[in-house]
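One file, query23.txt, carrying compact mmCIF, C-alpha atoms:
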```txt
# COMPACT_ATOMS: atom_id res chain seq x y z
CA MET A 1 -150.43 94.31 -137.46
CA LYS A 2 -150.05 92.63 -140.82
CA GLU A 3 -151.55 89.14 -140.83
CA LYS A 4 -150.11 87.40 -143.92
CA VAL A 5 -146.76 87.04 -145.66
CA GLY A 6 -146.71 86.83 -149.44
CA PHE A 7 -144.77 83.79 -150.68
CA GLY A 8 -143.45 82.89 -154.11
CA ILE A 9 -142.35 79.38 -155.04
CA ILE A 10 -139.22 78.83 -157.13
CA GLY A 11 -139.63 75.57 -159.02
CA ALA A 12 -142.70 73.79 -160.34
CA GLY A 13 -141.97 70.11 -159.74
CA MET A 14 -143.13 67.56 -157.16
CA ILE A 15 -141.76 69.36 -154.10
CA ALA A 16 -143.14 72.70 -155.29
CA GLU A 17 -146.56 71.07 -155.31
CA TYR A 18 -146.10 70.08 -151.66
CA HIS A 19 -145.19 73.65 -150.80
CA GLY A 20 -148.27 74.93 -152.59
CA LYS A 21 -150.55 72.46 -150.80
CA SER A 22 -148.95 73.32 -147.48
CA MET A 23 -149.58 77.03 -147.93
CA SER A 24 -153.19 76.66 -148.99
CA GLY A 25 -154.46 76.07 -145.46
CA LEU A 26 -152.27 78.54 -143.58
CA LYS A 27 -153.76 81.68 -142.04
CA ASN A 28 -150.51 83.67 -142.06
CA VAL A 29 -149.42 82.91 -145.65
CA ARG A 30 -150.64 84.05 -149.06
CA LEU A 31 -149.28 82.26 -152.14
CA ILE A 32 -148.50 84.88 -154.77
CA GLY A 33 -147.06 82.79 -157.59
CA PHE A 34 -144.61 80.36 -159.18
CA TYR A 35 -141.42 80.80 -161.15
CA ASP A 36 -139.69 78.04 -163.10
CA THR A 37 -137.24 78.09 -165.99
CA ASN A 38 -139.97 76.13 -167.77
CA TYR A 39 -142.68 78.79 -168.00
CA GLU A 40 -145.36 76.30 -169.03
CA ALA A 41 -144.70 74.25 -165.90
CA ALA A 42 -144.95 77.38 -163.75
CA LYS A 43 -148.16 78.37 -165.53
CA LYS A 44 -149.66 74.95 -164.90
CA ARG A 45 -148.89 75.18 -161.17
CA ALA A 46 -150.22 78.73 -161.05
CA GLU A 47 -153.51 77.60 -162.58
CA GLU A 48 -153.67 74.73 -160.08
CA PHE A 49 -153.26 77.08 -157.11
CA HIS A 50 -155.02 80.14 -158.58
CA CYS A 51 -152.03 82.46 -158.47
CA LYS A 52 -149.49 84.11 -160.80
CA ALA A 53 -146.85 82.62 -163.11
CA TYR A 54 -143.71 84.59 -163.91
CA ALA A 55 -141.94 84.51 -167.26
CA SER A 56 -138.57 85.54 -165.82
CA PHE A 57 -136.71 85.33 -162.53
CA GLU A 58 -136.20 89.08 -162.62
CA GLU A 59 -139.95 89.67 -162.86
CA PHE A 60 -140.52 87.24 -159.98
CA LEU A 61 -137.97 88.95 -157.69
CA ALA A 62 -139.25 92.41 -158.59
CA ASP A 63 -142.79 91.70 -157.42
CA PRO A 64 -143.25 93.58 -154.11
CA GLU A 65 -146.07 91.24 -153.11
CA ILE A 66 -143.52 88.44 -152.74
CA GLU A 67 -141.89 88.92 -149.34
CA ALA A 68 -140.56 85.37 -148.95
CA VAL A 69 -139.67 82.56 -151.31
CA THR A 70 -139.54 78.81 -151.02
CA ILE A 71 -136.83 77.14 -153.08
CA ALA A 72 -137.88 73.84 -154.65
CA THR A 73 -135.27 73.44 -157.39
CA PRO A 74 -132.68 70.68 -157.88
CA SER A 75 -130.24 70.69 -154.94
CA GLY A 76 -127.24 71.98 -156.87
CA MET A 77 -129.20 75.08 -157.93
CA HIS A 78 -130.21 76.24 -154.46
CA GLY A 79 -127.44 78.78 -154.06
CA ALA A 80 -127.93 80.14 -157.57
CA VAL A 81 -131.48 81.23 -156.70
CA ALA A 82 -131.17 81.80 -152.94
CA ILE A 83 -128.41 84.39 -153.25
CA PRO A 84 -130.18 86.72 -155.74
CA ALA A 85 -133.43 86.26 -153.80
CA ALA A 86 -131.71 87.33 -150.57
CA LYS A 87 -130.14 90.32 -152.34
CA ALA A 88 -133.64 91.26 -153.50
CA GLY A 89 -134.74 91.33 -149.85
CA LYS A 90 -136.76 88.11 -149.87
CA HIS A 91 -136.85 85.84 -146.84
CA ILE A 92 -135.95 82.27 -147.76
CA LEU A 93 -137.29 78.81 -147.02
CA CYS A 94 -135.01 76.36 -148.82
CA GLU A 95 -135.65 72.69 -149.44
CA LYS A 96 -133.03 70.24 -148.20
CA PRO A 97 -130.14 70.28 -148.62
CA LEU A 98 -129.47 73.98 -148.13
CA GLU A 99 -126.66 73.43 -150.64
CA ILE A 100 -124.39 70.53 -151.57
CA THR A 101 -121.07 71.88 -150.22
CA LEU A 102 -120.17 73.71 -147.03
CA GLU A 103 -118.67 76.55 -149.04
CA LYS A 104 -121.96 77.16 -150.83
CA VAL A 105 -123.94 76.83 -147.60
CA ASP A 106 -121.72 79.42 -145.92
CA GLU A 107 -122.17 81.81 -148.84
CA ILE A 108 -125.96 81.58 -148.61
CA ILE A 109 -125.86 82.21 -144.85
CA ARG A 110 -123.52 85.18 -145.29
CA VAL A 111 -125.61 86.83 -148.01
CA CYS A 112 -128.82 86.39 -146.02
CA GLU A 113 -127.24 88.00 -142.97
CA GLU A 114 -125.80 90.86 -145.01
CA ASN A 115 -129.23 91.58 -146.48
CA HIS A 116 -131.12 91.11 -143.19
CA VAL A 117 -133.41 88.37 -144.46
CA LEU A 118 -134.43 85.22 -142.61
CA LEU A 119 -133.20 81.84 -143.82
CA SER A 120 -134.82 78.54 -142.89
CA PRO A 121 -133.75 75.15 -144.36
CA VAL A 122 -136.54 72.58 -144.68
CA PHE A 123 -136.30 69.89 -142.01
CA GLN A 124 -140.01 69.40 -141.51
CA THR A 125 -139.59 66.18 -139.50
CA ARG A 126 -138.40 68.22 -136.51
CA PHE A 127 -141.95 69.52 -136.09
CA THR A 128 -143.48 66.08 -135.46
CA LYS A 129 -144.64 65.16 -131.97
CA PRO A 130 -142.41 62.05 -131.54
CA VAL A 131 -139.30 64.06 -132.40
CA GLN A 132 -140.19 66.83 -129.95
CA LEU A 133 -140.91 64.29 -127.21
CA VAL A 134 -137.57 62.54 -127.69
CA ARG A 135 -135.75 65.87 -127.83
CA GLU A 136 -137.33 66.93 -124.53
CA ALA A 137 -136.52 63.57 -122.92
CA MET A 138 -132.90 64.03 -123.97
CA ARG A 139 -132.71 67.60 -122.71
CA SER A 140 -134.22 66.65 -119.35
CA GLY A 141 -131.66 63.86 -118.81
CA ARG A 142 -134.03 60.89 -118.93
CA PHE A 143 -131.58 58.83 -121.02
CA GLY A 144 -128.81 59.06 -118.43
CA ARG A 145 -125.38 58.60 -120.05
CA MET A 146 -125.94 58.37 -123.80
CA VAL A 147 -124.32 55.31 -125.36
CA LEU A 148 -125.87 54.73 -128.82
CA ALA A 149 -127.67 56.89 -131.38
CA SER A 150 -128.34 55.27 -134.74
CA ALA A 151 -130.37 55.68 -137.93
CA GLN A 152 -131.52 53.17 -140.52
CA MET A 153 -133.13 53.93 -143.86
CA ARG A 154 -133.80 50.92 -146.07
CA TRP A 155 -135.73 52.46 -148.94
CA PHE A 156 -136.31 51.42 -152.52
CA ARG A 157 -136.14 53.46 -155.71
CA ASP A 158 -136.54 51.76 -159.07
CA ALA A 159 -134.42 52.62 -162.10
CA SER A 160 -136.99 55.07 -163.47
CA TYR A 161 -136.64 57.30 -160.39
CA TYR A 162 -133.13 58.20 -161.57
CA SER A 163 -133.48 57.79 -165.34
CA GLY A 164 -136.55 60.03 -165.36
CA SER A 165 -134.54 62.95 -163.98
CA ASN A 166 -131.65 64.92 -165.43
CA TRP A 167 -130.22 65.74 -162.00
CA ARG A 168 -130.92 62.95 -159.53
CA GLY A 169 -128.03 60.62 -158.92
CA THR A 170 -125.37 63.16 -159.97
CA TRP A 171 -122.65 64.78 -157.89
CA LYS A 172 -123.05 68.14 -159.63
CA MET A 173 -126.78 68.63 -159.03
CA ASP A 174 -127.76 66.11 -156.34
CA GLY A 175 -124.59 66.43 -154.26
CA GLY A 176 -124.65 62.73 -153.45
CA GLY A 177 -127.01 59.80 -153.39
CA ALA A 178 -129.05 58.03 -150.72
CA LEU A 179 -127.31 59.91 -147.91
CA MET A 180 -127.59 63.46 -149.24
CA ASN A 181 -130.95 63.19 -150.98
CA GLN A 182 -133.04 60.80 -148.89
CA ALA A 183 -131.35 60.32 -145.50
CA ILE A 184 -130.56 63.96 -144.75
CA HIS A 185 -133.66 64.26 -142.54
CA MET A 186 -132.42 61.43 -140.32
CA ILE A 187 -128.97 62.99 -140.19
CA ASP A 188 -130.57 66.21 -139.01
CA LEU A 189 -132.51 64.37 -136.29
CA LEU A 190 -129.42 62.56 -135.00
CA LEU A 191 -127.71 65.93 -134.56
CA TYR A 192 -130.80 67.70 -133.23
CA ILE A 193 -131.42 65.07 -130.55
CA ASN A 194 -127.97 63.65 -129.71
CA GLY A 195 -125.65 66.52 -130.56
CA ALA A 196 -122.58 67.12 -132.70
CA PRO A 197 -120.26 64.43 -134.10
CA GLU A 198 -116.58 64.10 -133.29
CA GLU A 199 -115.41 61.42 -135.73
CA VAL A 200 -116.87 59.29 -138.52
CA PHE A 201 -115.78 56.37 -140.69
CA ALA A 202 -117.80 55.21 -143.70
CA PHE A 203 -118.20 52.79 -146.59
CA ALA A 204 -120.26 53.66 -149.67
CA GLY A 205 -121.07 51.98 -152.96
CA THR A 206 -123.33 51.97 -156.00
CA LEU A 207 -124.81 48.48 -155.89
CA THR A 208 -128.07 48.35 -157.86
CA HIS A 209 -128.48 51.55 -159.91
CA SER A 210 -126.66 53.08 -162.87
CA ILE A 211 -125.85 56.39 -161.20
CA GLU A 212 -122.72 58.39 -160.30
CA VAL A 213 -123.37 58.49 -156.58
CA GLU A 214 -123.96 55.96 -153.82
CA ASP A 215 -127.18 54.02 -153.43
CA ASN A 216 -125.90 52.28 -150.27
CA LEU A 217 -123.80 53.60 -147.41
CA CYS A 218 -122.87 52.61 -143.88
CA ALA A 219 -121.09 54.86 -141.38
CA THR A 220 -120.01 54.65 -137.75
CA VAL A 221 -120.07 57.82 -135.69
CA LYS A 222 -118.52 58.94 -132.42
CA TYR A 223 -120.38 61.90 -130.93
CA ARG A 224 -118.96 64.65 -128.75
CA ASN A 225 -121.02 63.41 -125.79
CA GLY A 226 -119.05 60.13 -125.95
CA SER A 227 -121.80 57.98 -127.49
CA PHE A 228 -121.46 55.92 -130.65
CA GLY A 229 -123.82 55.14 -133.52
CA THR A 230 -124.34 53.72 -136.97
CA ILE A 231 -125.96 55.22 -140.05
CA GLU A 232 -127.30 52.80 -142.69
CA VAL A 233 -128.90 54.19 -145.83
CA SER A 234 -130.06 52.55 -149.03
CA THR A 235 -132.34 53.02 -152.00
CA SER A 236 -131.92 49.37 -153.00
CA CYS A 237 -133.96 47.53 -150.35
CA ALA A 238 -137.17 46.22 -151.90
CA PRO A 239 -139.97 46.85 -151.29
CA GLY A 240 -138.98 49.79 -149.04
CA PHE A 241 -139.35 50.12 -145.28
CA PRO A 242 -139.99 52.87 -142.70
CA ARG A 243 -137.06 54.98 -141.55
CA ARG A 244 -135.91 54.06 -138.04
CA LEU A 245 -134.03 56.02 -135.37
CA GLU A 246 -133.01 54.65 -131.97
CA PHE A 247 -131.47 56.40 -128.98
CA SER A 248 -130.15 54.44 -126.00
CA GLY A 249 -128.65 55.55 -122.72
CA SER A 250 -127.85 54.11 -119.32
CA ALA A 251 -131.34 55.04 -118.11
CA GLY A 252 -133.58 54.60 -121.13
CA THR A 253 -134.17 53.78 -124.79
CA VAL A 254 -136.48 55.28 -127.38
CA ALA A 255 -137.00 54.15 -130.96
CA PHE A 256 -139.31 55.44 -133.62
CA GLU A 257 -140.18 54.51 -137.17
CA GLU A 258 -141.44 57.42 -139.24
CA ASP A 259 -144.05 59.07 -136.98
CA LYS A 260 -144.66 56.08 -134.69
CA ILE A 261 -142.86 55.36 -131.43
CA THR A 262 -141.92 51.68 -131.26
CA ARG A 263 -140.03 51.79 -127.94
CA TRP A 264 -140.34 54.22 -125.04
CA GLU A 265 -138.71 52.69 -121.96
CA PHE A 266 -137.03 54.51 -119.09
CA ALA A 267 -135.58 53.31 -115.78
CA GLN A 268 -137.55 56.04 -114.02
CA PRO A 269 -141.08 56.04 -115.49
CA HIS A 270 -143.06 59.28 -115.69
CA PRO A 271 -146.86 59.50 -115.38
CA GLU A 272 -147.23 60.57 -119.03
CA ASP A 273 -145.25 57.63 -120.45
CA GLU A 274 -148.19 55.29 -120.91
CA ALA A 275 -150.25 57.98 -122.62
CA ILE A 276 -147.36 58.69 -124.99
CA LYS A 277 -147.13 55.02 -125.92
CA ARG A 278 -150.89 54.70 -126.40
CA GLU A 279 -151.12 57.77 -128.59
CA LEU A 280 -148.00 57.41 -130.74
CA SER A 281 -147.23 53.70 -130.92
CA GLY A 282 -148.33 51.37 -133.71
CA GLN A 283 -147.35 50.19 -137.15
CA ALA A 284 -145.45 52.79 -139.13
CA ASP A 285 -146.39 53.49 -142.73
CA ALA A 286 -143.43 53.04 -145.08
CA LYS A 287 -144.38 56.42 -146.61
CA GLY A 288 -141.43 57.52 -148.72
CA GLY A 289 -139.76 54.11 -148.38
CA SER A 290 -141.16 52.86 -151.64
CA ALA A 291 -142.43 55.96 -153.44
CA PRO A 292 -141.18 59.55 -153.24
CA MET A 293 -144.70 60.97 -153.65
CA ASN A 294 -146.01 59.09 -150.60
CA ILE A 295 -145.21 61.71 -147.96
CA SER A 296 -147.34 64.08 -145.92
CA SER A 297 -147.26 67.85 -146.38
CA ASP A 298 -148.14 68.54 -142.72
CA GLY A 299 -144.55 69.13 -141.66
CA HIS A 300 -143.98 71.56 -144.52
CA ALA A 301 -147.05 73.49 -143.41
CA CYS A 302 -145.70 73.79 -139.86
CA GLN A 303 -142.34 75.06 -141.04
CA ILE A 304 -143.73 77.52 -143.60
CA SER A 305 -146.10 78.88 -140.96
CA ASP A 306 -143.19 79.22 -138.51
CA LEU A 307 -141.16 81.26 -140.99
CA ALA A 308 -144.15 83.46 -141.77
CA ASP A 309 -144.71 84.09 -138.07
CA ALA A 310 -141.00 84.91 -137.67
CA VAL A 311 -141.27 87.46 -140.48
CA LEU A 312 -144.38 89.02 -138.97
CA SER A 313 -143.09 89.12 -135.40
CA GLY A 314 -139.43 89.92 -136.05
CA ARG A 315 -138.05 86.80 -134.31
CA ARG A 316 -135.66 84.13 -135.58
CA PRO A 317 -137.25 81.08 -137.21
CA PHE A 318 -137.32 77.77 -135.33
CA LEU A 319 -134.80 76.45 -137.88
CA ASP A 320 -132.11 78.80 -139.18
CA GLY A 321 -129.26 78.48 -141.68
CA TYR A 322 -126.74 77.33 -139.10
CA GLU A 323 -128.96 74.37 -138.23
CA GLY A 324 -129.08 73.46 -141.92
CA ARG A 325 -125.28 73.66 -142.08
CA ARG A 326 -124.80 71.00 -139.39
CA ALA A 327 -126.33 68.22 -141.47
CA ILE A 328 -124.26 69.15 -144.54
CA GLU A 329 -121.08 69.14 -142.46
CA LEU A 330 -121.74 65.60 -141.23
CA ILE A 331 -122.75 64.36 -144.70
CA CYS A 332 -119.66 65.86 -146.33
CA GLY A 333 -117.49 64.31 -143.62
CA ILE A 334 -119.06 60.91 -144.25
CA TYR A 335 -118.45 61.23 -147.98
CA GLU A 336 -114.83 62.23 -147.45
CA SER A 337 -114.25 59.19 -145.23
CA ALA A 338 -115.88 56.86 -147.77
CA GLN A 339 -113.72 58.30 -150.55
CA THR A 340 -110.40 58.30 -148.66
CA GLY A 341 -110.85 55.15 -146.59
CA LYS A 342 -109.84 57.13 -143.50
CA PRO A 343 -111.71 58.51 -140.48
CA TYR A 344 -112.92 62.09 -140.75
CA PHE A 345 -112.49 64.31 -137.68
CA PHE A 346 -114.79 67.29 -137.14
CA LYS A 347 -113.52 70.66 -135.96
CA ARG A 348 -114.87 71.98 -132.70
```
With the file now loaded, output its structure as C-alpha cells.
Amino acid sequence: MKEKVGFGIIGAGMIAEYHGKSMSGLKNVRLIGFYDTNYEAAKKRAEEFHCKAYASFEEFLADPEIEAVTIATPSGMHGAVAIPAAKAGKHILCEKPLEITLEKVDEIIRVCEENHVLLSPVFQTRFTKPVQLVREAMRSGRFGRMVLASAQMRWFRDASYYSGSNWRGTWKMDGGGALMNQAIHMIDLLLYINGAPEEVFAFAGTLTHSIEVEDNLCATVKYRNGSFGTIEVSTSCAPGFPRRLEFSGSAGTVAFEEDKITRWEFAQPHPEDEAIKRELSGQADAKGGSAPMNISSDGHACQISDLADAVLSGRRPFLDGYEGRRAIELICGIYESAQTGKPYFFKR
C-alpha cells in the first residue's frame, strides 16, 4: 500500500508557510512544491522547504507527483484555483473560507464531486482536545436542554494589517471583515457543537479601521434545538484577547478560551471530569488575538494528515465540503441581516 500523498501548495504567503511547516513532520505526506502568481515568492518558499517551484499554474497542475493541493490564496480566489485543480484530478484542502458566497461554495463542491476528488475546508480548531471533549459531552446529553451557545472574539489588528495587503478588508477578495476572516473558526465550532441556526439578527460597523468591511459585529442567534446565543467579533479591541466560546444547558456549562477549558461543570459529575479540568484548564494565550502570525500549526498538521489518510484509504475526510458550507451560510445570513436591518431565516 502506498504510504505518502504528494501535496502541492498554491500560494506562497503567511498561511502557505504554515501549511509547509505542518507537512514537514507528517509520515503520510510529501511536499512536492509551491505555485504562486509571483514566481520569486514561490521559489523562495521552495528553497525554504527543499522542494519545487512552478512557473505556471498549468505546469503545477500537470505534475503527476502532485496528488493533492492546499489552497492558501486570498479568500476571493479560492474557487478560481480549486475548480481547475479538481478538474485536473487533484484532491483539495482549502483554507477558510471555502469561498466567500454560497454560490461559489456550491460550485466547488459540485466540481469536486463530478471529478471524484476529496474536498476538505480548513477548520483546524475542530481537531483540538477541548473541542472534541465538548462535542462528545453534547452528543451524550450531558448539557440537558441546551439554552445558550455563544462566541466572543475581541481581537486587535492595527492599521498596517489592512494597509499592507491588497485584499484584506475588501468585499471582493476577503468576503467580509472580522466575521468572515477571523471569526469563521468560532462560527464553525458553534455549528459543530450546538447544531444548525434557525434565525439571526445582526448589527455591524466599521469603527476603527479604514476598510470596506466590518471590524465590529454583534449578532443574536436562535438555533434549531431551541437555544439562543450571541456572536461578538472585533478587530478593534486593544491589546487583543483570547477567543471564548460558552455552552450552557439545564444540566451543565462548559466554556473555553482558545485551547484552555475555563469552566467544566455538570449537574451529574463523571469520574473523568477532574482530570479534564486539571489537564486542560489554565490561562489561555491570546495567540492570534494581537498578531496574526502568533498561531500554532498543530491543527493544520492534523487536518492535512487526515486528508492524506482519506486519500490513501479511500474514505471521506473528517471535514468535507458540506461542513465548510455551513459556516458560510451562517456568515452570509448574518451579513444580510446587518445590511437589511431585518432578521434572516435559514431554510431547513
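The residue that comes closest to Gly324 (chain A), out of A:Gly79, A:Pro84, A:Gly13, A:Pro97 and on the basis of all atoms listed in the file, is A:Pro97.
When the distance limit is 8 Å and only C-alpha atoms are what count, the residues near region 50-62 of chain A, minus those fewer than 4 positions from it on the same chain, are Gly8, Leu31, Ile32, Gly33, Phe34, Tyr35, Asp36, Thr37, Tyr39, Ala42, Lys43, Arg45, Ala46, Ile66, Ala85, Ala88 and Lys90 of chain A.
Compared by their closest atoms to His91 (chain A), and using only C-alpha atoms, the residues A:Val147, A:Ala41, A:Met77, A:Leu312 rank with A:Leu312 nearest.
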Q. Contacts of region 215-231 of chain A at 8 Å or less, counting all atoms listed in the file, minus same-chain residues fewer than 2 places along, as a ChimeraX atom specification?
A. /A:146-152,177-179,194-209,213,233-236,334
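Residue nearest Met138 (chain A) within the list A:Phe241, A:Tyr161, A:Tyr192, A:Phe345: A:Tyr192 [criterion: smallest interatomic distance, all atoms listed in the file].
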**Q.** Selection: 8 Å around His78 (chain A), only C-alpha atoms, excl. self and same-chain fewer than 6 positions, as an MDAnalysis selection string
**A.** chainID A and resid 71 94 98:99
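One distance worth recording is that between CA of Gly289 (chain A) and CA of Arg157 (chain A), which is 8.2 Å.
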Neighbours of Pro269 (chain A) within 12 Å (only C-alpha atoms; same-chain residues fewer than 2 positions away dropped), as a CSV table (one decimal) with C-alpha atoms, in the coordinates of the input?
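Writing done, so here's around.csv:
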```csv
chain,number,residue,atom,x,y,z
A,137,ALA,CA,-136.5,63.6,-122.9
A,142,ARG,CA,-134.0,60.9,-118.9
A,143,PHE,CA,-131.6,58.8,-121.0
A,251,ALA,CA,-131.3,55.0,-118.1
A,252,GLY,CA,-133.6,54.6,-121.1
A,253,THR,CA,-134.2,53.8,-124.8
A,264,TRP,CA,-140.3,54.2,-125.0
A,265,GLU,CA,-138.7,52.7,-122.0
A,266,PHE,CA,-137.0,54.5,-119.1
A,267,ALA,CA,-135.6,53.3,-115.8
A,271,PRO,CA,-146.9,59.5,-115.4
A,272,GLU,CA,-147.2,60.6,-119.0
A,273,ASP,CA,-145.2,57.6,-120.4
A,274,GLU,CA,-148.2,55.3,-120.9
A,275,ALA,CA,-150.2,58.0,-122.6
A,276,ILE,CA,-147.4,58.7,-125.0
```
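Among the candidates A:Arg139, A:Ser297, A:Gly89, A:His185, the one nearest to Met14 (chain A) when counting all atoms listed in the file is A:Ser297.
Between CA of Phe7 (chain A) and CA of Leu102 (chain A) the separation is 26.8 Å.
CA of Leu26 (chain A) is found 21.7 Å from CA of Gln132 (chain A).
The closest residue to Gln268 (chain A), picked from A:Lys104, A:Trp171, A:Leu191, A:Gly144 and counting all atoms listed in the file, is A:Gly144.
Counting all atoms listed in the file, the residue from A:Arg30, A:Lys21, A:Arg244, A:Lys342 that sits nearest to Thr262 (chain A) is A:Arg244.
Look at Ile83 (chain A): the protein and nucleic acid residues within 8 Å of it, using all atoms listed in the file and passing over chain neighbours fewer than 5 places away, are A:Ile108, A:Val111, A:Cys112.
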